[in-house]
file protein09.cif (mmCIF, C-alpha atoms)
data_data
loop_
_atom_site.label_atom_id
_atom_site.label_comp_id
_atom_site.auth_asym_id
_atom_site.auth_seq_id
_atom_site.Cartn_x
_atom_site.Cartn_y
_atom_site.Cartn_z
CA MET A 409 -2.02 0.46 -22.00
CA PHE A 410 -4.39 -2.49 -21.69
CA LYS A 411 -8.17 -2.27 -22.28
CA PHE A 412 -11.02 -3.09 -19.90
CA ASN A 413 -11.47 -6.54 -21.45
CA ASP A 414 -7.90 -7.35 -20.36
CA LEU A 415 -8.28 -6.02 -16.81
CA ASN A 416 -7.33 -8.69 -14.27
CA SER A 417 -7.03 -7.09 -10.83
CA ILE A 418 -8.08 -4.06 -8.78
CA HIS A 419 -6.13 -2.59 -5.88
CA LEU A 420 -8.75 -0.80 -3.79
CA GLU A 421 -8.60 1.70 -0.93
CA ILE A 422 -12.05 1.71 0.70
CA THR A 423 -11.06 4.10 3.48
CA SER A 424 -8.32 6.59 4.27
CA ARG A 425 -8.87 6.08 8.00
CA CYS A 426 -6.59 4.11 10.31
CA GLN A 427 -6.32 3.79 14.09
CA ALA A 428 -2.54 3.32 13.99
CA LYS A 429 0.23 5.91 13.59
CA CYS A 430 3.14 4.03 12.07
CA PRO A 431 6.10 6.46 12.05
CA MET A 432 7.00 6.00 8.37
CA CYS A 433 3.42 6.15 7.09
CA SER A 434 2.35 9.18 5.04
CA ARG A 435 -0.71 9.61 7.28
CA ASN A 436 1.51 11.48 9.70
CA TYR A 437 4.96 12.98 10.12
CA ARG A 438 7.08 10.54 12.14
CA SER A 439 4.05 9.28 14.09
CA GLY A 440 3.38 12.45 16.09
CA ILE A 441 2.14 15.13 13.68
CA GLU A 442 -0.88 14.58 11.40
CA ASN A 443 -0.44 15.04 7.65
CA PRO A 444 -2.36 18.25 6.81
CA ASN A 445 -2.87 17.12 3.20
CA LEU A 446 -4.72 13.93 4.11
CA LYS A 447 -8.45 13.96 3.39
CA LEU A 448 -10.61 11.36 5.15
CA ALA A 449 -13.05 9.36 3.03
CA ASP A 450 -14.87 6.03 3.10
CA TRP A 451 -16.72 3.87 0.60
CA THR A 452 -20.28 2.77 1.34
CA ILE A 453 -21.65 -0.58 0.20
CA ASP A 454 -23.87 1.21 -2.33
CA GLU A 455 -20.90 3.05 -3.81
CA PHE A 456 -18.99 -0.22 -3.96
CA LYS A 457 -21.78 -1.93 -5.89
CA ASN A 458 -22.20 1.04 -8.23
CA ILE A 459 -18.48 1.10 -9.09
CA ILE A 460 -17.44 -2.54 -8.72
CA THR A 461 -20.40 -3.75 -10.74
CA ILE A 462 -21.24 -7.33 -11.66
CA ASP A 463 -19.79 -6.48 -15.08
CA VAL A 464 -16.48 -5.55 -13.41
CA LEU A 465 -16.44 -8.60 -11.12
CA SER A 466 -17.13 -10.82 -14.12
CA GLN A 467 -14.07 -9.37 -15.87
CA ILE A 468 -11.46 -9.43 -13.11
CA ASN A 469 -10.07 -12.30 -11.03
CA ASN A 470 -9.14 -10.62 -7.76
CA ILE A 471 -9.37 -7.55 -5.56
CA TYR A 472 -6.70 -6.35 -3.14
CA PHE A 473 -8.10 -4.31 -0.23
CA CYS A 474 -5.20 -2.15 0.92
CA GLY A 475 -4.36 1.40 -0.15
CA ASN A 476 -1.98 4.21 0.73
CA PHE A 477 -3.37 5.63 3.94
CA GLY A 478 -6.22 3.60 5.41
CA ASP A 479 -6.76 0.17 6.91
CA PRO A 480 -9.66 -1.60 5.16
CA ILE A 481 -11.00 -3.20 8.35
CA ILE A 482 -11.84 0.29 9.66
CA ASN A 483 -14.53 0.58 6.97
CA ASP A 484 -17.84 -0.57 8.45
CA HIS A 485 -19.00 -1.90 5.07
CA LEU A 486 -16.11 -4.30 4.42
CA LEU A 487 -18.09 -7.39 5.44
CA GLU A 488 -20.94 -6.46 3.09
CA MET A 489 -18.47 -5.84 0.27
CA CYS A 490 -16.94 -9.28 0.76
CA ARG A 491 -20.37 -10.94 0.87
CA TYR A 492 -21.32 -9.19 -2.38
CA ILE A 493 -18.12 -10.42 -4.07
CA LYS A 494 -18.64 -13.96 -2.81
CA ASP A 495 -22.27 -14.01 -3.97
CA VAL A 496 -21.30 -12.87 -7.47
CA ASN A 497 -18.36 -15.26 -7.77
CA PRO A 498 -17.51 -17.77 -5.00
CA ASN A 499 -14.20 -18.53 -6.75
CA PHE A 500 -13.04 -14.91 -6.72
CA GLY A 501 -9.69 -13.96 -5.16
CA VAL A 502 -9.65 -11.49 -2.25
CA ARG A 503 -6.62 -10.16 -0.39
CA ILE A 504 -6.89 -7.83 2.62
CA HIS A 505 -3.89 -6.05 4.14
CA THR A 506 -4.33 -4.86 7.73
CA ASN A 507 -2.54 -4.02 10.97
CA GLY A 508 -5.13 -6.28 12.62
CA GLY A 509 -5.45 -4.10 15.69
CA ALA A 510 -9.13 -3.16 15.41
CA ARG A 511 -12.45 -5.03 15.87
CA LYS A 512 -13.53 -7.79 18.25
CA THR A 513 -12.93 -11.49 17.71
CA ASP A 514 -16.55 -12.08 16.64
CA TRP A 515 -16.04 -9.64 13.79
CA TRP A 516 -12.96 -11.53 12.63
CA LYS A 517 -14.84 -14.82 12.68
CA GLU A 518 -17.65 -13.25 10.65
CA LEU A 519 -15.14 -11.91 8.14
CA ARG A 520 -14.12 -15.47 7.32
CA SER A 521 -17.73 -16.44 6.56
CA CYS A 522 -18.03 -13.49 4.16
CA LEU A 523 -14.93 -14.32 2.13
CA PRO A 524 -14.69 -16.65 -0.86
CA GLU A 525 -12.47 -19.70 -0.48
CA ASN A 526 -9.68 -18.03 -2.46
CA HIS A 527 -8.60 -15.39 0.07
CA ILE A 528 -5.73 -14.27 2.26
CA VAL A 529 -5.64 -11.69 5.07
CA ILE A 530 -2.18 -10.18 5.48
CA PHE A 531 -1.40 -9.08 9.05
CA GLY A 532 1.42 -6.56 9.62
CA ILE A 533 3.04 -7.86 12.82
CA ASP A 534 6.47 -6.28 13.28
CA GLY A 535 7.86 -8.02 16.33
CA LEU A 536 6.64 -9.67 19.51
CA GLU A 537 5.10 -8.44 22.79
CA ASP A 538 7.93 -6.02 23.60
CA THR A 539 8.69 -4.64 20.12
CA HIS A 540 5.67 -4.78 17.80
CA HIS A 541 4.21 -1.47 19.04
CA LEU A 542 7.43 0.46 18.39
CA TYR A 543 6.57 0.63 14.70
CA ARG A 544 2.84 -0.23 14.72
CA VAL A 545 2.13 2.69 17.05
CA GLY A 546 -1.42 2.51 18.37
CA THR A 547 -1.67 -1.28 18.20
CA THR A 548 -0.62 -4.03 20.59
CA TYR A 549 0.82 -7.44 19.78
CA ASP A 550 -1.63 -9.30 22.03
CA THR A 551 -4.68 -7.73 20.35
CA VAL A 552 -3.43 -8.40 16.84
CA ILE A 553 -2.57 -12.02 17.63
CA ARG A 554 -5.95 -12.50 19.33
CA ASN A 555 -7.74 -11.25 16.22
CA ALA A 556 -5.57 -13.29 13.84
CA LYS A 557 -6.16 -16.45 15.88
CA ALA A 558 -9.94 -15.84 15.81
CA PHE A 559 -9.87 -15.46 12.04
CA ILE A 560 -7.69 -18.56 11.57
CA SER A 561 -9.79 -20.66 13.97
CA ALA A 562 -12.86 -19.87 11.83
CA GLY A 563 -11.07 -21.32 8.78
CA GLY A 564 -9.45 -18.11 7.54
CA LYS A 565 -6.19 -18.06 5.60
CA ALA A 566 -3.69 -15.57 6.98
CA GLU A 567 -0.15 -14.34 6.32
CA TRP A 568 2.18 -12.79 8.91
CA VAL A 569 4.32 -9.99 7.40
CA PHE A 570 7.25 -8.88 9.56
CA ILE A 571 9.11 -5.63 8.78
CA LYS A 572 12.61 -6.07 10.16
CA PHE A 573 14.30 -3.28 12.12
CA LYS A 574 17.29 -3.19 14.45
CA HIS A 575 14.98 -3.41 17.48
CA ASN A 576 13.23 -6.61 16.33
CA GLU A 577 15.72 -8.44 14.08
CA HIS A 578 16.60 -10.85 16.90
CA GLN A 579 12.96 -12.02 16.99
CA VAL A 580 12.52 -13.18 13.39
CA ILE A 581 13.08 -16.88 14.12
CA GLU A 582 10.72 -16.82 17.12
CA ALA A 583 8.08 -14.95 15.09
CA GLU A 584 8.34 -17.54 12.32
CA THR A 585 7.89 -20.33 14.88
CA ARG A 586 4.83 -18.65 16.34
CA ALA A 587 3.34 -18.01 12.90
CA ARG A 588 3.61 -21.72 12.14
CA THR A 589 2.17 -22.68 15.53
CA TYR A 590 -0.78 -20.27 15.28
CA GLY A 591 -1.80 -21.56 11.86
CA PHE A 592 -0.69 -18.78 9.51
CA LYS A 593 -0.32 -19.99 5.92
CA ASN A 594 2.73 -17.81 5.20
CA PHE A 595 5.43 -15.88 7.01
CA THR A 596 7.13 -13.03 5.17
CA VAL A 597 10.08 -10.89 6.25
CA LYS A 598 10.87 -7.62 4.53
CA HIS A 599 12.91 -4.46 4.92
CA SER A 600 11.45 -0.98 5.12
CA THR A 601 12.21 1.04 1.99
CA ARG A 602 11.56 4.36 3.77
CA PHE A 603 14.85 4.98 5.56
CA MET A 604 16.73 8.06 4.40
CA GLU A 605 18.89 8.34 7.50
CA LEU A 606 20.47 5.85 9.86
CA LYS A 607 18.26 6.99 12.76
CA PHE A 608 14.61 7.79 12.03
CA ASP A 609 13.06 10.07 14.66
CA VAL A 610 9.76 8.95 16.19
CA LEU A 611 7.90 11.94 17.65
CA ASP A 612 5.04 12.50 20.05
CA GLN A 613 2.07 14.77 19.26
CA GLU A 614 3.99 17.83 20.48
CA GLY A 615 6.84 17.04 18.12
CA ASN A 616 9.22 15.83 20.83
CA LEU A 617 11.56 12.90 20.22
CA LYS A 618 10.35 9.61 21.73
CA TYR A 619 12.88 7.15 20.28
CA TYR A 620 14.63 6.16 17.06
CA LEU A 621 13.96 3.52 14.45
CA GLU A 622 17.08 2.02 12.88
CA PRO A 623 17.51 -0.36 9.93
CA PRO A 624 18.53 -3.96 10.67
CA SER A 625 22.14 -5.00 10.43
CA ASP A 626 21.65 -6.75 7.06
CA ASN A 627 20.08 -3.75 5.27
CA GLU A 628 22.47 -1.15 3.93
CA VAL A 629 20.79 2.27 3.76
CA VAL A 630 21.81 4.60 0.92
CA LEU A 631 21.90 8.00 2.59
CA ILE A 632 20.45 10.84 0.56
CA ASN A 633 22.77 13.79 -0.12
CA SER A 634 23.09 16.48 -2.79
CA ASP A 635 25.29 14.24 -4.94
CA ILE A 636 22.69 11.46 -4.87
CA ILE A 637 19.97 13.97 -5.79
CA GLU A 638 21.94 15.11 -8.84
CA LYS A 639 22.67 11.55 -9.94
CA PHE A 640 19.03 10.67 -9.42
CA LYS A 641 18.00 13.23 -12.04
CA SER A 642 20.17 11.58 -14.68
CA TRP A 643 19.02 8.14 -13.50
CA VAL A 644 15.42 9.07 -14.22
CA ASN A 645 16.29 10.25 -17.73
CA GLU A 646 18.20 7.05 -18.48
CA SER A 647 15.68 4.62 -16.98
CA GLU A 648 13.56 2.28 -19.02
CA ILE A 649 10.12 2.12 -17.44
CA ASN A 650 8.57 -1.34 -17.33
CA CYS A 651 5.20 -0.63 -15.74
CA TYR A 652 4.16 -3.31 -13.23
CA VAL A 653 0.43 -2.68 -13.53
CA LYS A 654 0.60 -2.68 -17.31
CA GLN A 655 2.20 -6.11 -17.21
CA ASN A 656 -0.24 -7.43 -14.59
CA LYS A 657 -3.37 -5.70 -15.97
CA GLU A 658 -4.15 -3.93 -12.70
CA ILE A 659 -5.67 -0.57 -11.70
CA TYR A 660 -5.78 1.35 -8.43
CA ILE A 661 -8.81 3.17 -6.99
CA ASP A 662 -8.34 5.43 -3.97
CA ALA A 663 -10.63 6.31 -1.08
CA HIS A 664 -12.01 9.26 -3.04
CA LYS A 665 -13.08 6.96 -5.91
CA LYS A 666 -10.39 8.27 -8.25
CA LEU A 667 -8.86 5.77 -10.68
CA PHE A 668 -5.11 5.65 -11.32
CA PRO A 669 -2.77 2.99 -12.69
CA CYS A 670 -1.14 2.47 -9.29
CA CYS A 671 -1.08 3.54 -5.65
CA PHE A 672 2.21 5.40 -6.11
CA LEU A 673 0.76 7.94 -8.53
CA ALA A 674 -2.50 8.22 -6.58
CA SER A 675 -0.76 9.15 -3.32
CA THR A 676 1.06 12.18 -4.74
CA PRO A 677 -1.36 15.04 -3.89
CA TYR A 678 -1.72 13.85 -0.30
CA ASN A 679 1.95 13.32 0.53
CA TYR A 680 3.37 16.00 2.79
CA ILE A 681 6.41 17.92 1.51
CA HIS A 682 8.40 18.79 4.61
CA PRO A 683 9.97 22.28 4.22
CA GLY A 684 13.75 22.23 4.28
CA SER A 685 14.03 18.51 3.54
CA ILE A 686 16.90 17.57 1.26
CA ILE A 687 14.38 15.94 -1.08
CA GLU A 688 11.95 18.86 -1.03
CA SER A 689 12.88 19.84 -4.61
CA VAL A 690 12.38 16.28 -5.87
CA LYS A 691 9.02 15.96 -4.14
CA THR A 692 7.95 19.31 -5.56
CA THR A 693 8.87 18.15 -9.06
CA ILE A 694 6.93 14.92 -8.51
CA ARG A 695 3.88 16.96 -7.54
CA ASP A 696 4.28 19.22 -10.59
CA GLN A 697 4.53 16.17 -12.86
CA TYR A 698 1.39 14.73 -11.28
CA ASP A 699 -0.51 17.98 -11.87
CA ASN A 700 0.58 18.02 -15.52
CA LEU A 701 -0.46 14.38 -15.98
CA VAL A 702 -3.90 14.91 -14.45
CA ASN A 703 -4.38 18.06 -16.52
CA ASP A 704 -3.47 16.17 -19.71
CA LEU A 705 -5.98 13.46 -18.75
CA GLY A 706 -8.68 16.11 -18.72
CA GLY A 707 -8.68 16.98 -15.04
CA ILE A 708 -9.31 14.96 -11.89
CA SER A 709 -13.04 14.79 -12.65
CA MET A 710 -12.25 12.58 -15.64
CA LEU A 711 -10.80 9.99 -13.21
CA ASP A 712 -13.77 10.17 -10.82
CA LEU A 713 -15.74 6.94 -10.62
CA ASN A 714 -18.68 8.79 -9.15
CA ASN A 715 -19.16 10.18 -12.66
CA ARG A 716 -17.65 7.62 -15.03
CA SER A 717 -17.27 3.85 -15.16
CA ILE A 718 -14.01 1.92 -14.96
CA ARG A 719 -14.55 0.80 -18.54
CA ASP A 720 -15.11 4.35 -19.79
CA ILE A 721 -11.91 5.63 -18.21
CA ILE A 722 -9.43 2.94 -19.16
CA ASP A 723 -10.85 2.40 -22.65
CA SER A 724 -10.71 6.13 -23.47
CA ASP A 725 -8.23 7.19 -26.15
CA ILE A 726 -6.46 9.60 -23.85
CA TRP A 727 -5.88 6.94 -21.15
CA GLN A 728 -4.65 4.47 -23.73
CA ASN A 729 -2.14 6.84 -25.29
CA ILE A 730 -0.91 9.23 -22.60
CA TRP A 731 1.47 6.81 -20.89
CA ASN A 732 3.75 6.58 -23.90
CA LYS A 733 4.39 10.30 -23.46
CA TYR A 734 5.00 10.23 -19.72
CA TRP A 735 7.24 7.20 -19.88
CA GLN A 736 9.40 8.85 -22.53
CA ASP A 737 9.68 12.64 -22.13
CA PRO A 738 9.30 13.95 -19.53
CA LYS A 739 9.56 10.68 -17.66
CA LEU A 740 7.54 10.55 -14.48
CA ILE A 741 9.89 10.33 -11.51
CA THR A 742 7.31 8.19 -9.71
CA CYS A 743 7.28 5.65 -12.53
CA ALA A 744 11.06 5.58 -12.87
CA ARG A 745 11.44 5.24 -9.12
CA THR A 746 9.08 2.28 -8.81
CA CYS A 747 9.27 0.54 -12.20
CA GLY A 748 12.47 1.84 -13.79
CA ASN A 749 15.41 -0.30 -14.84
CA ASN A 750 18.93 1.14 -14.75
CA LYS A 751 22.46 -0.01 -14.03
CA ASN A 752 22.77 2.30 -11.02
CA GLU A 753 20.07 0.64 -8.92
CA ASN A 754 21.45 1.88 -5.59
CA ILE A 755 20.80 5.47 -6.62
CA SER A 756 17.14 4.99 -7.35
CA LYS A 757 15.84 2.23 -5.15
CA PRO A 758 16.55 0.64 -1.80
CA LYS A 759 17.39 -3.03 -1.97
CA ASP A 760 14.47 -5.37 -2.57
CA GLN A 761 12.21 -5.08 0.47
CA PHE A 762 11.26 -8.76 0.46
CA ILE A 763 13.84 -10.94 2.15
CA LYS A 764 11.99 -14.23 2.35
CA ARG A 765 8.49 -15.69 2.21
CA ILE A 766 7.84 -19.08 3.80
CA ASN A 767 4.80 -21.13 2.90
CA PHE A 768 3.82 -23.50 5.72
CA ASP A 769 1.55 -25.71 3.59
#
call {"tool": "encode", "arguments": {"input": "protein09.cif", "output": "structure tokens"}}
result
Amino acid sequence: MFKFNDLNSIHLEITSRCQAKCPMCSRNYRSGIENPNLKLADWTIDEFKNIITIDVLSQINNIYFCGNFGDPIINDHLLEMCRYIKDVNPNFGVRIHTNGGARKTDWWKELRSCLPENHIVIFGIDGLEDTHHLYRVGTTYDTVIRNAKAFISAGGKAEWVFIKFKHNEHQVIEAETRARTYGFKNFTVKHSTRFMELKFDVLDQEGNLKYYLEPPSDNEVVLINSDIIEKFKSWVNESEINCYVKQNKEIYIDAHKKLFPCCFLASTPYNYIHPGSIIESVKTTIRDQYDNLVNDLGGISMLDLNNRSIRDIIDSDIWQNIWNKYWQDPKLITCARTCGNNKNENISKPKDQFIKRINFD
């Protein structure tokens, strides 16, 4: 694994809070039922400065505000964090991923003034007036567009990311036209990688069915069955893991200030294992592997940035050497699933989620 002096990028979750209830998000079960494993946490500006020190900002080139569970704009200290970054290095790169449904337009205009020139805010807008809310539950198209326009009018650089489903696939061309008209820098279309059945139930808070989500006509879903589960086990053993964050010199820090290589590993203890699910045994194994990994790293306290610095953790001998073990035997399912290479791609991964990205410049 790379050392601190090679570190290039940090993926950062500054809150685990979000006002939306997207049906496929791990914050909840199919939109209606809250995930009992999720623990709410937020970074303060003081914690940010103590962890993302001037020494760290001088080493890296960019920060990505996103995460597994929260929306960064919900954190009340985001503007101060961006100002701090800009003051330390006005050429720094900042990316922010958001559903865009919170805050007033004045806040969005102020956000632009806090950001360095090298920035992009990525808005998840999955449809138009009549469809966007079907996946981005708890947000409205008009509010998101209002906020995006306010940010863009203040000189902000924005990207529109459109997840394509059956209910909105007919609107892709119109959405692209609007993105260009409104001044977005990019328009990206992608597939969801979270379908395991042809109809995904969306529930209300009582657990009653509201409607279904379905994949678009151009995305073939590989349905999970017992045969696939058995083949998946051999796929993991045969996979060659080519770690993305190792190649790109990136780390992930979650809302609880715990440092991991990536968001996929970090999410494991908070993901809900639904009893009776066909993948319950696989998810249980993933959790067991996570527990073994953390134990071998010396316990979760050894990854806690309240107690140790980023440099201390990633330059430690155990961090440097442990990945060779877990990428060989036993291979981490999470790593094989996200960064594994194998001939039988359809068994392990959905098709590439990104369909196209258009740059309007």
call {"tool": "residues_around", "arguments": {"input": "protein09.cif", "residues": "A:Pro480", "least_positions_apart": "4", "cutoff": "9 Å", "atoms": "all atoms listed in the file", "output": "PyMOL selection string"}}
result
chain A and resi 421-426+473-475+484+486+504-506
call {"tool": "resolve_selection", "arguments": {"input": "protein09.cif", "expression": "the PyMOL selection byres ((chain A and resi 577-580) around 12)", "output": "ChimeraX atom specification"}}
result
/A:533-540,568-576,581-587,595-599,622-627,763-764
call {"tool": "closest_residue", "arguments": {"input": "protein09.cif", "among": "A:Pro524, A:Gly532, A:Gly440, A:Pro677", "to": "A:Asp699", "atoms": "all atoms listed in the file"}}
result
A:Pro677
call {"tool": "resolve_selection", "arguments": {"input": "protein09.cif", "expression": "the PyMOL selection byres ((chain A and resi 681) around 10)", "output": "list of chain:residue names"}}
result
A:Asn443, A:Asn445, A:Pro677, A:Tyr678, A:Asn679, A:Tyr680, A:His682, A:Pro683, A:Gly684, A:Ser685, A:Ile687, A:Glu688, A:Ser689, A:Val690, A:Lys691, A:Thr692, A:Arg695
call {"tool": "closest_residue", "arguments": {"input": "protein09.cif", "among": "A:Asp723, A:Asn703, A:Leu711, A:Asn650", "to": "A:Gly748", "atoms": "only C-alpha atoms"}}
result
A:Asn650
call {"tool": "atom_distance", "arguments": {"input": "protein09.cif", "atom1": "atom CA of A:Tyr619", "atom2": "atom CA of A:Lys607"}}
result
9.2 Å
call {"tool": "closest_residue", "arguments": {"input": "protein09.cif", "among": "A:Asn729, A:Thr742, A:Asn483, A:Asn715", "to": "A:Ile694", "atoms": "only C-alpha atoms"}}
result
A:Thr742
